[in-house]
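*Asks:* So that you have it, the file is data.pdb, and it contains PDB, C-alpha atoms and all ligand atoms:
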MODEL        1
ATOM      1  CA  MET Y 139     113.071 -21.599 -85.651  1.00  0.00           C
ATOM      2  CA  LYS Y 140     113.961 -19.652 -88.782  1.00  0.00           C
ATOM      3  CA  LYS Y 141     110.799 -20.820 -90.447  1.00  0.00           C
ATOM      4  CA  PHE Y 142     108.798 -19.819 -87.401  1.00  0.00           C
ATOM      5  CA  SER Y 143     110.126 -16.251 -87.395  1.00  0.00           C
ATOM      6  CA  ALA Y 144     109.497 -15.892 -91.096  1.00  0.00           C
ATOM      7  CA  VAL Y 145     105.878 -16.841 -90.539  1.00  0.00           C
ATOM      8  CA  LEU Y 146     105.681 -14.522 -87.559  1.00  0.00           C
ATOM      9  CA  LEU Y 147     107.197 -11.663 -89.550  1.00  0.00           C
ATOM     10  CA  ALA Y 148     104.819 -12.242 -92.441  1.00  0.00           C
ATOM     11  CA  GLY Y 149     101.949 -12.219 -89.958  1.00  0.00           C
ATOM     12  CA  LEU Y 150     103.122  -8.980 -88.416  1.00  0.00           C
ATOM     13  CA  LEU Y 151     103.580  -7.282 -91.781  1.00  0.00           C
ATOM     14  CA  PHE Y 152     100.166  -8.393 -92.842  1.00  0.00           C
ATOM     15  CA  SER Y 153      98.435  -7.135 -89.704  1.00  0.00           C
ATOM     16  CA  CYS Y 154     100.265  -3.800 -89.947  1.00  0.00           C
ATOM     17  CA  GLY Y 155      99.129  -3.251 -93.498  1.00  0.00           C
ATOM     18  CA  GLU Y 156      95.538  -4.125 -92.795  1.00  0.00           C
ATOM     19  CA  VAL Y 157      92.858  -1.509 -92.292  1.00  0.00           C
ATOM     20  CA  GLN Y 158      90.662  -2.208 -89.277  1.00  0.00           C
ATOM     21  CA  LYS Y 159      87.182  -1.156 -88.404  1.00  0.00           C
ATOM     22  CA  VAL Y 160      86.986   0.652 -85.060  1.00  0.00           C
ATOM     23  CA  GLU Y 161      84.231   2.152 -82.888  1.00  0.00           C
ATOM     24  CA  ILE Y 162      82.894   5.569 -83.774  1.00  0.00           C
ATOM     25  CA  PRO Y 163      83.081   7.852 -80.728  1.00  0.00           C
ATOM     26  CA  LYS Y 164      79.453   8.686 -79.843  1.00  0.00           C
ATOM     27  CA  ASP Y 165      80.164  12.389 -79.456  1.00  0.00           C
ATOM     28  CA  LYS Y 166      81.582  12.601 -83.003  1.00  0.00           C
ATOM     29  CA  GLU Y 167      78.641  11.097 -84.879  1.00  0.00           C
ATOM     30  CA  GLU Y 168      76.640  14.257 -85.348  1.00  0.00           C
ATOM     31  CA  LYS Y 169      79.625  16.159 -86.724  1.00  0.00           C
ATOM     32  CA  ILE Y 170      80.616  13.327 -89.092  1.00  0.00           C
ATOM     33  CA  VAL Y 171      77.084  13.280 -90.513  1.00  0.00           C
ATOM     34  CA  GLN Y 172      76.999  17.056 -90.863  1.00  0.00           C
ATOM     35  CA  VAL Y 173      80.377  17.246 -92.649  1.00  0.00           C
ATOM     36  CA  GLY Y 174      79.714  14.173 -94.813  1.00  0.00           C
ATOM     37  CA  ASP Y 175      76.276  15.333 -95.851  1.00  0.00           C
ATOM     38  CA  SER Y 176      77.415  18.781 -96.855  1.00  0.00           C
ATOM     39  CA  ALA Y 177      80.444  17.491 -98.827  1.00  0.00           C
ATOM     40  CA  SER Y 178      78.438  14.804-100.662  1.00  0.00           C
ATOM     41  CA  MET Y 179      75.682  17.293-101.522  1.00  0.00           C
ATOM     42  CA  LYS Y 180      78.290  19.619-102.987  1.00  0.00           C
ATOM     43  CA  LEU Y 181      79.593  16.869-105.256  1.00  0.00           C
ATOM     44  CA  LEU Y 182      76.108  15.747-106.330  1.00  0.00           C
ATOM     45  CA  LYS Y 183      74.989  19.290-107.118  1.00  0.00           C
ATOM     46  CA  SER Y 184      78.085  19.925-109.241  1.00  0.00           C
ATOM     47  CA  LEU Y 185      77.776  16.664-111.153  1.00  0.00           C
ATOM     48  CA  LYS Y 186      74.105  17.208-111.804  1.00  0.00           C
ATOM     49  CA  SER Y 187      74.395  20.791-112.965  1.00  0.00           C
ATOM     50  CA  GLU Y 188      77.228  19.872-115.381  1.00  0.00           C
ATOM     51  CA  LEU Y 189      75.154  16.981-116.693  1.00  0.00           C
ATOM     52  CA  MET Y 190      72.025  19.079-117.159  1.00  0.00           C
ATOM     53  CA  SER Y 191      73.798  21.931-118.925  1.00  0.00           C
ATOM     54  CA  ALA Y 192      75.640  19.463-121.208  1.00  0.00           C
ATOM     55  CA  MET Y 193      72.323  17.805-122.121  1.00  0.00           C
ATOM     56  CA  GLN Y 194      70.797  21.166-122.914  1.00  0.00           C
ATOM     57  CA  LYS Y 195      73.750  22.471-124.900  1.00  0.00           C
ATOM     58  CA  GLY Y 196      75.121  19.487-126.765  1.00  0.00           C
ATOM     59  CA  GLY Y 197      72.591  16.724-126.286  1.00  0.00           C
ATOM     60  CA  LEU Y 198      73.425  13.140-125.389  1.00  0.00           C
ATOM     61  CA  ASP Y 199      76.905  13.035-126.937  1.00  0.00           C
ATOM     62  CA  GLU Y 200      78.029  15.994-124.889  1.00  0.00           C
ATOM     63  CA  ALA Y 201      76.390  14.593-121.740  1.00  0.00           C
ATOM     64  CA  VAL Y 202      78.172  11.242-122.049  1.00  0.00           C
ATOM     65  CA  THR Y 203      81.435  13.112-122.491  1.00  0.00           C
ATOM     66  CA  VAL Y 204      80.736  14.990-119.251  1.00  0.00           C
ATOM     67  CA  CYS Y 205      80.061  11.741-117.378  1.00  0.00           C
ATOM     68  CA  ASN Y 206      83.009   9.983-119.020  1.00  0.00           C
ATOM     69  CA  LYS Y 207      85.669  12.682-118.943  1.00  0.00           C
ATOM     70  CA  LYS Y 208      84.492  15.132-116.361  1.00  0.00           C
ATOM     71  CA  ALA Y 209      83.000  13.089-113.504  1.00  0.00           C
ATOM     72  CA  MET Y 210      86.442  12.306-112.074  1.00  0.00           C
ATOM     73  CA  GLU Y 211      87.655  15.858-112.735  1.00  0.00           C
ATOM     74  CA  ILE Y 212      84.667  17.397-110.945  1.00  0.00           C
ATOM     75  CA  THR Y 213      85.197  14.972-108.066  1.00  0.00           C
ATOM     76  CA  SER Y 214      88.866  16.012-107.683  1.00  0.00           C
ATOM     77  CA  GLN Y 215      87.856  19.654-107.752  1.00  0.00           C
ATOM     78  CA  ILE Y 216      85.278  19.185-104.964  1.00  0.00           C
ATOM     79  CA  GLU Y 217      87.819  17.083-103.040  1.00  0.00           C
ATOM     80  CA  LYS Y 218      90.228  20.024-103.203  1.00  0.00           C
ATOM     81  CA  GLU Y 219      87.536  22.508-102.151  1.00  0.00           C
ATOM     82  CA  THR Y 220      86.347  20.468 -99.174  1.00  0.00           C
ATOM     83  CA  GLY Y 221      89.584  18.672 -98.244  1.00  0.00           C
ATOM     84  CA  TYR Y 222      87.855  15.260 -98.154  1.00  0.00           C
ATOM     85  CA  SER Y 223      88.395  12.366-100.528  1.00  0.00           C
ATOM     86  CA  MET Y 224      85.211  11.181-102.273  1.00  0.00           C
ATOM     87  CA  LYS Y 225      84.031   8.394-104.510  1.00  0.00           C
ATOM     88  CA  ARG Y 226      80.817   7.166-106.098  1.00  0.00           C
ATOM     89  CA  THR Y 227      80.514   3.426-105.685  1.00  0.00           C
ATOM     90  CA  THR Y 228      78.042   0.657-106.491  1.00  0.00           C
ATOM     91  CA  PHE Y 229      77.926  -3.096-107.165  1.00  0.00           C
ATOM     92  CA  LYS Y 230      76.519  -2.417-110.647  1.00  0.00           C
ATOM     93  CA  TYR Y 231      79.196  -0.079-111.943  1.00  0.00           C
ATOM     94  CA  ARG Y 232      79.914   1.324-115.363  1.00  0.00           C
ATOM     95  CA  ASN Y 233      83.513   2.348-114.689  1.00  0.00           C
ATOM     96  CA  PRO Y 234      85.502  -0.385-112.866  1.00  0.00           C
ATOM     97  CA  ALA Y 235      87.313   2.428-110.985  1.00  0.00           C
ATOM     98  CA  ASN Y 236      84.040   2.851-109.076  1.00  0.00           C
ATOM     99  CA  ALA Y 237      83.929  -0.766-107.863  1.00  0.00           C
ATOM    100  CA  PRO Y 238      83.587  -0.976-104.055  1.00  0.00           C
ATOM    101  CA  ASP Y 239      86.421  -1.887-101.693  1.00  0.00           C
ATOM    102  CA  LYS Y 240      85.718  -4.185 -98.732  1.00  0.00           C
ATOM    103  CA  TYR Y 241      84.243  -1.455 -96.507  1.00  0.00           C
ATOM    104  CA  GLU Y 242      82.276   0.215 -99.284  1.00  0.00           C
ATOM    105  CA  ALA Y 243      80.797  -3.207-100.077  1.00  0.00           C
ATOM    106  CA  GLU Y 244      79.754  -3.496 -96.417  1.00  0.00           C
ATOM    107  CA  ALA Y 245      78.020  -0.128 -96.653  1.00  0.00           C
ATOM    108  CA  LEU Y 246      76.271  -1.105 -99.903  1.00  0.00           C
ATOM    109  CA  LYS Y 247      75.040  -4.317 -98.251  1.00  0.00           C
ATOM    110  CA  TYR Y 248      73.751  -2.335 -95.270  1.00  0.00           C
ATOM    111  CA  PHE Y 249      71.552  -0.292 -97.621  1.00  0.00           C
ATOM    112  CA  GLU Y 250      70.448  -3.311 -99.656  1.00  0.00           C
ATOM    113  CA  GLU Y 251      69.399  -5.172 -96.490  1.00  0.00           C
ATOM    114  CA  ASN Y 252      67.430  -2.178 -95.235  1.00  0.00           C
ATOM    115  CA  ILE Y 253      65.766  -1.613 -98.600  1.00  0.00           C
ATOM    116  CA  LYS Y 254      64.661  -5.280 -98.599  1.00  0.00           C
ATOM    117  CA  GLN Y 255      62.852  -4.536 -95.344  1.00  0.00           C
ATOM    118  CA  GLY Y 256      61.224  -1.465 -96.847  1.00  0.00           C
ATOM    119  CA  LYS Y 257      63.511   1.033 -95.122  1.00  0.00           C
ATOM    120  CA  MET Y 258      65.771   3.670 -96.647  1.00  0.00           C
ATOM    121  CA  PRO Y 259      68.416   4.950 -94.236  1.00  0.00           C
ATOM    122  CA  SER Y 260      69.612   8.456 -95.059  1.00  0.00           C
ATOM    123  CA  TYR Y 261      73.282   7.640 -94.366  1.00  0.00           C
ATOM    124  CA  TYR Y 262      75.794   5.111 -93.027  1.00  0.00           C
ATOM    125  CA  ILE Y 263      79.038   5.809 -91.185  1.00  0.00           C
ATOM    126  CA  GLN Y 264      82.178   3.815 -90.374  1.00  0.00           C
ATOM    127  CA  ALA Y 265      85.489   4.450 -88.618  1.00  0.00           C
ATOM    128  CA  LEU Y 266      88.600   2.782 -90.052  1.00  0.00           C
ATOM    129  CA  ASN Y 267      92.034   2.558 -88.516  1.00  0.00           C
ATOM    130  CA  ASP Y 268      94.745   2.497 -91.164  1.00  0.00           C
ATOM    131  CA  ASN Y 269      98.117   2.048 -89.446  1.00  0.00           C
ATOM    132  CA  GLY Y 270      97.157   4.213 -86.475  1.00  0.00           C
ATOM    133  CA  LYS Y 271      95.439   6.862 -88.576  1.00  0.00           C
ATOM    134  CA  VAL Y 272      91.666   6.925 -88.065  1.00  0.00           C
ATOM    135  CA  VAL Y 273      89.438   7.976 -90.943  1.00  0.00           C
ATOM    136  CA  TYR Y 274      85.652   8.265 -90.749  1.00  0.00           C
ATOM    137  CA  ARG Y 275      83.609   7.302 -93.775  1.00  0.00           C
ATOM    138  CA  TYR Y 276      80.238   8.836 -94.500  1.00  0.00           C
ATOM    139  CA  TYR Y 277      78.005   7.226 -97.142  1.00  0.00           C
ATOM    140  CA  LYS Y 278      75.058   8.899 -98.834  1.00  0.00           C
ATOM    141  CA  PRO Y 279      72.614   6.794-100.889  1.00  0.00           C
ATOM    142  CA  LEU Y 280      71.798   7.676-104.504  1.00  0.00           C
ATOM    143  CA  LYS Y 281      68.476   6.991-106.158  1.00  0.00           C
ATOM    144  CA  VAL Y 282      67.700   6.682-109.839  1.00  0.00           C
ATOM    145  CA  GLU Y 283      65.671   9.604-111.185  1.00  0.00           C
ATOM    146  CA  GLY Y 284      63.875   9.874-114.512  1.00  0.00           C
ATOM    147  CA  VAL Y 285      66.747  11.702-116.204  1.00  0.00           C
ATOM    148  CA  CYS Y 286      69.243   8.979-115.222  1.00  0.00           C
ATOM    149  CA  LEU Y 287      67.361   6.407-117.312  1.00  0.00           C
ATOM    150  CA  THR Y 288      68.619   8.114-120.476  1.00  0.00           C
ATOM    151  CA  CYS Y 289      71.951   6.388-119.789  1.00  0.00           C
ATOM    152  CA  HIS Y 290      71.209   3.821-117.073  1.00  0.00           C
ATOM    153  CA  GLY Y 291      67.782   2.493-118.110  1.00  0.00           C
ATOM    154  CA  ASP Y 292      66.645  -0.442-120.219  1.00  0.00           C
ATOM    155  CA  PRO Y 293      69.044  -0.558-123.238  1.00  0.00           C
ATOM    156  CA  ASN Y 294      66.115  -1.520-125.514  1.00  0.00           C
ATOM    157  CA  LEU Y 295      64.459   1.787-124.713  1.00  0.00           C
ATOM    158  CA  MET Y 296      67.628   3.867-124.845  1.00  0.00           C
ATOM    159  CA  ASP Y 297      68.927   5.825-127.828  1.00  0.00           C
ATOM    160  CA  LYS Y 298      70.684   3.262-130.088  1.00  0.00           C
ATOM    161  CA  LYS Y 299      73.718   5.440-130.818  1.00  0.00           C
ATOM    162  CA  LEU Y 300      74.105   6.181-127.123  1.00  0.00           C
ATOM    163  CA  VAL Y 301      73.995   2.480-126.242  1.00  0.00           C
ATOM    164  CA  GLU Y 302      76.789   1.849-128.803  1.00  0.00           C
ATOM    165  CA  ARG Y 303      78.894   4.718-127.497  1.00  0.00           C
ATOM    166  CA  ILE Y 304      78.563   3.538-123.897  1.00  0.00           C
ATOM    167  CA  LYS Y 305      79.449  -0.026-124.922  1.00  0.00           C
ATOM    168  CA  THR Y 306      82.603   1.186-126.694  1.00  0.00           C
ATOM    169  CA  LEU Y 307      83.685   3.258-123.700  1.00  0.00           C
ATOM    170  CA  TYR Y 308      82.712   0.641-121.099  1.00  0.00           C
ATOM    171  CA  PRO Y 309      82.766  -2.889-122.576  1.00  0.00           C
ATOM    172  CA  ASN Y 310      81.878  -4.432-119.198  1.00  0.00           C
ATOM    173  CA  ASP Y 311      79.176  -1.934-118.245  1.00  0.00           C
ATOM    174  CA  LYS Y 312      76.907  -3.180-115.451  1.00  0.00           C
ATOM    175  CA  ALA Y 313      75.077   0.120-114.882  1.00  0.00           C
ATOM    176  CA  VAL Y 314      71.998  -0.423-117.059  1.00  0.00           C
ATOM    177  CA  GLY Y 315      68.546  -1.861-116.476  1.00  0.00           C
ATOM    178  CA  TYR Y 316      67.651   0.511-113.659  1.00  0.00           C
ATOM    179  CA  LYS Y 317      64.160   1.839-112.985  1.00  0.00           C
ATOM    180  CA  GLU Y 318      63.128   5.147-111.481  1.00  0.00           C
ATOM    181  CA  GLY Y 319      63.418   5.033-107.696  1.00  0.00           C
ATOM    182  CA  ASP Y 320      65.978   2.171-107.649  1.00  0.00           C
ATOM    183  CA  PHE Y 321      68.920   2.339-105.269  1.00  0.00           C
ATOM    184  CA  ARG Y 322      71.865   3.258-107.521  1.00  0.00           C
ATOM    185  CA  GLY Y 323      74.792   3.327-105.106  1.00  0.00           C
ATOM    186  CA  LEU Y 324      76.620   5.543-102.645  1.00  0.00           C
ATOM    187  CA  VAL Y 325      78.718   8.644-102.421  1.00  0.00           C
ATOM    188  CA  ARG Y 326      81.554   7.987 -99.986  1.00  0.00           C
ATOM    189  CA  VAL Y 327      83.204  10.865 -98.125  1.00  0.00           C
ATOM    190  CA  SER Y 328      86.391  10.094 -96.145  1.00  0.00           C
ATOM    191  CA  ILE Y 329      86.992  12.417 -93.205  1.00  0.00           C
ATOM    192  CA  PRO Y 330      90.282  12.196 -91.280  1.00  0.00           C
ATOM    193  CA  ALA Y 331      89.509  11.947 -87.548  1.00  0.00           C
ATOM    194  CA  ASP Y 332      91.715  14.931 -86.729  1.00  0.00           C
ATOM    195  CA  LYS Y 333      89.451  17.174 -88.838  1.00  0.00           C
ATOM    196  CA  ILE Y 334      86.427  16.476 -86.621  1.00  0.00           C
TER     197      ILE Y 334
HETATM  198  C1  LIG Y 401      74.399  11.193-120.373  1.00  0.00           C
HETATM  199  C2  LIG Y 401      74.490   9.876-119.786  1.00  0.00           C
HETATM  200  C3  LIG Y 401      74.316   9.740-118.286  1.00  0.00           C
HETATM  201  C4  LIG Y 401      73.281  10.213-117.519  1.00  0.00           C
HETATM  202  C5  LIG Y 401      72.070  11.012-117.945  1.00  0.00           C
HETATM  203  C6  LIG Y 401      73.565   9.742-116.160  1.00  0.00           C
HETATM  204  N1  LIG Y 401      74.734   9.028-116.131  1.00  0.00           N
HETATM  205 FE1  LIG Y 401      75.538   8.118-114.510  1.00  0.00          FE
HETATM  206  N2  LIG Y 401      77.145   7.604-115.612  1.00  0.00           N
HETATM  207  C7  LIG Y 401      77.308   7.821-116.968  1.00  0.00           C
HETATM  208  C8  LIG Y 401      78.645   7.417-117.368  1.00  0.00           C
HETATM  209  C9  LIG Y 401      79.233   7.517-118.772  1.00  0.00           C
HETATM  210  C10 LIG Y 401      79.284   6.954-116.185  1.00  0.00           C
HETATM  211  C11 LIG Y 401      80.703   6.461-116.028  1.00  0.00           C
HETATM  212  C12 LIG Y 401      81.530   7.612-115.441  1.00  0.00           C
HETATM  213  C13 LIG Y 401      82.992   7.312-115.267  1.00  0.00           C
HETATM  214  O1  LIG Y 401      83.629   6.783-116.179  1.00  0.00           O
HETATM  215  O2  LIG Y 401      83.508   7.644-114.185  1.00  0.00           O
HETATM  216  C14 LIG Y 401      78.311   7.084-115.108  1.00  0.00           C
HETATM  217  C15 LIG Y 401      78.561   6.730-113.805  1.00  0.00           C
HETATM  218  C16 LIG Y 401      77.679   6.854-112.764  1.00  0.00           C
HETATM  219  C17 LIG Y 401      77.961   6.489-111.386  1.00  0.00           C
HETATM  220  C18 LIG Y 401      79.276   5.955-110.842  1.00  0.00           C
HETATM  221  C19 LIG Y 401      79.260   4.477-110.678  1.00  0.00           C
HETATM  222  C20 LIG Y 401      79.438   3.708-111.971  1.00  0.00           C
HETATM  223  O3  LIG Y 401      78.453   3.065-112.382  1.00  0.00           O
HETATM  224  O4  LIG Y 401      80.538   3.741-112.564  1.00  0.00           O
HETATM  225  C21 LIG Y 401      76.839   6.761-110.669  1.00  0.00           C
HETATM  226  C22 LIG Y 401      76.628   6.527-109.185  1.00  0.00           C
HETATM  227  C23 LIG Y 401      75.875   7.319-111.588  1.00  0.00           C
HETATM  228  N3  LIG Y 401      76.404   7.364-112.865  1.00  0.00           N
HETATM  229  C24 LIG Y 401      74.625   7.741-111.207  1.00  0.00           C
HETATM  230  C25 LIG Y 401      73.787   8.477-112.054  1.00  0.00           C
HETATM  231  C26 LIG Y 401      72.563   9.090-111.604  1.00  0.00           C
HETATM  232  C27 LIG Y 401      72.000   8.991-110.190  1.00  0.00           C
HETATM  233  C28 LIG Y 401      72.050   9.760-112.676  1.00  0.00           C
HETATM  234  C29 LIG Y 401      70.818  10.621-112.725  1.00  0.00           C
HETATM  235  C30 LIG Y 401      70.783  11.756-111.818  1.00  0.00           C
HETATM  236  C31 LIG Y 401      72.957   9.528-113.806  1.00  0.00           C
HETATM  237  N4  LIG Y 401      73.995   8.740-113.386  1.00  0.00           N
HETATM  238  C32 LIG Y 401      72.757  10.026-115.080  1.00  0.00           C
HETATM  239  C33 LIG Y 401      76.366   8.351-117.815  1.00  0.00           C
HETATM  240  C34 LIG Y 401      75.223   8.996-117.410  1.00  0.00           C
ENDMDL
END
Can the structure from this file be put into C-alpha cells for me?

*Replies:*
Amino acid sequence: MKKFSAVLLAGLLFSCGEVQKVEIPKDKEEKIVQVGDSASMKLLKSLKSELMSAMQKGGLDEAVTVCNKKAMEITSQIEKETGYSMKRTTFKYRNPANAPDKYEAEALKYFEENIKQGKMPSYYIQALNDNGKVVYRYYKPLKVEGVCLTCHGDPNLMDKKLVERIKTLYPNDKAVGYKEGDFRGLVRVSIPADKI
C-alpha cells in the first residue's frame, strides 16, 4: 500500500509539473497573430539595426561582439518594452541557450515539414497550459539573407579570423553552412492568455 501511494504521489507530482498543449480558442487566433507579429518584428528590427551599424562602424569584430554580447541584452530590452518573453531558436544553433524546448522543436518541425512540400507558412501558434496558467506561443520564421552568410555561411568562404573567433566563443557551433534563402529558425513570442 505504501509503495502504491508513493508511485501515485510521484505520478501526481509529475503530471502537475508538466506543461500541456491545449486548444487555441478560435476567436483569439487573430489577436495572437497580430500581437506576436508586431513583437517579433520589433525584436528583429532592433537586432538587425544594431548589427548593421556595428558592421559599418567597427567591422566584423564589432559585429560579432554585438551578436555575442548584445543579442540577449537587446532581447531583454524588447521583452521589457512589449511585456512578452521572446527567444530565437533553431536546431542548428550557435549558442546552446538558443536550443529548442519540446514545443519549440514541434514548431521547428512544422516549418521543416512544410518547407519540404514547397510551402512557407508565415507563422505557427500554440497554446500551453502550465499549471493552470495558459500561455500562447507565436512563432515567426527567419530566413538567411546575404549579410547573414558573413557569420553563418560556408566556413571556407568566411573571413579566417572571424571563423577562429566564432570557434573560440562557441566551440560547438552548429550555425554555419547556410545558404541564402535557407530556413534559419524561429522567433518565439510567449503571450499570457490574460493579455489577449
Ligand atoms: C557578425 C556576425 C553575424 C552576422 C552577420 C549574423 N549573425 Fe546570427 N549570430 C551570430 C552570433 C555570434 C550568434 C550567437 C549569439 C548568442 O550568443 O546569443 C548568432 C546567433 C543567431 C541566432 C540565434 C540562434 C543560434 O544559432 O544561436 C539566429 C536565429 C541568427 N543568428 C540569425 C541570423 C540572421 C538571420 C542573420 C542575418 C540577418 C545573422 N544571424 C547574421 C553572428 C552573426

*Asks:* For the PyMOL selection byres (((chain Y and resi 295-312) around 7) and not hetatm), applied here, can you spell out every residue it catches as a ChimeraX atom specification?

*Replies:* /Y:230-233,288,291-294,313-314

*Asks:* Name the residues in contact with segment 263-275 of chain Y at a cut-off of 10 Å, using only C-alpha atoms, excluding same-chain residues fewer than 6 positions from it; report them as a ChimeraX atom specification.

*Replies:* /Y:153-163,166-167,170-171,174,223-224,241-242,244-245,326-334

*Asks:* Go through Y:Lys207, Y:Lys254, Y:Lys278, Y:Lys247 and flag the residue nearest ligand LIG 401 (chain Y), using only C-alpha atoms and all ligand atoms for the distances.

*Replies:*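 Between Y:Lys207, Y:Lys254, Y:Lys278, Y:Lys247, the residue approaching ligand LIG 401 (chain Y) most closely is Y:Lys207.
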
*Asks:* Hey, can you check how far atom CA of Ile216 of chain Y sits from atom C18 of ligand LIG 401 (chain Y)?

*Replies:* 15.7 Å

*Asks:* Each side padded by 3 Å, which centre and which edge lengths in Å (one decimal) define the axis-aligned box around the listed atoms of ligand LIG 401 (chain Y)? Give them as JSON.

*Replies:*
{"center_x": 77.2, "center_y": 7.4, "center_z": -114.8, "size_x": 18.8, "size_y": 14.7, "size_z": 17.2}

*Asks:* Which residue gives the smallest distance to Lys180 of chain Y among Y:Lys218, Y:Arg322, Y:Lys281, Y:Lys317, with only C-alpha atoms counted?

*Replies:*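 Distance minimum relative to Lys180 of chain Y lands on Y:Lys218.
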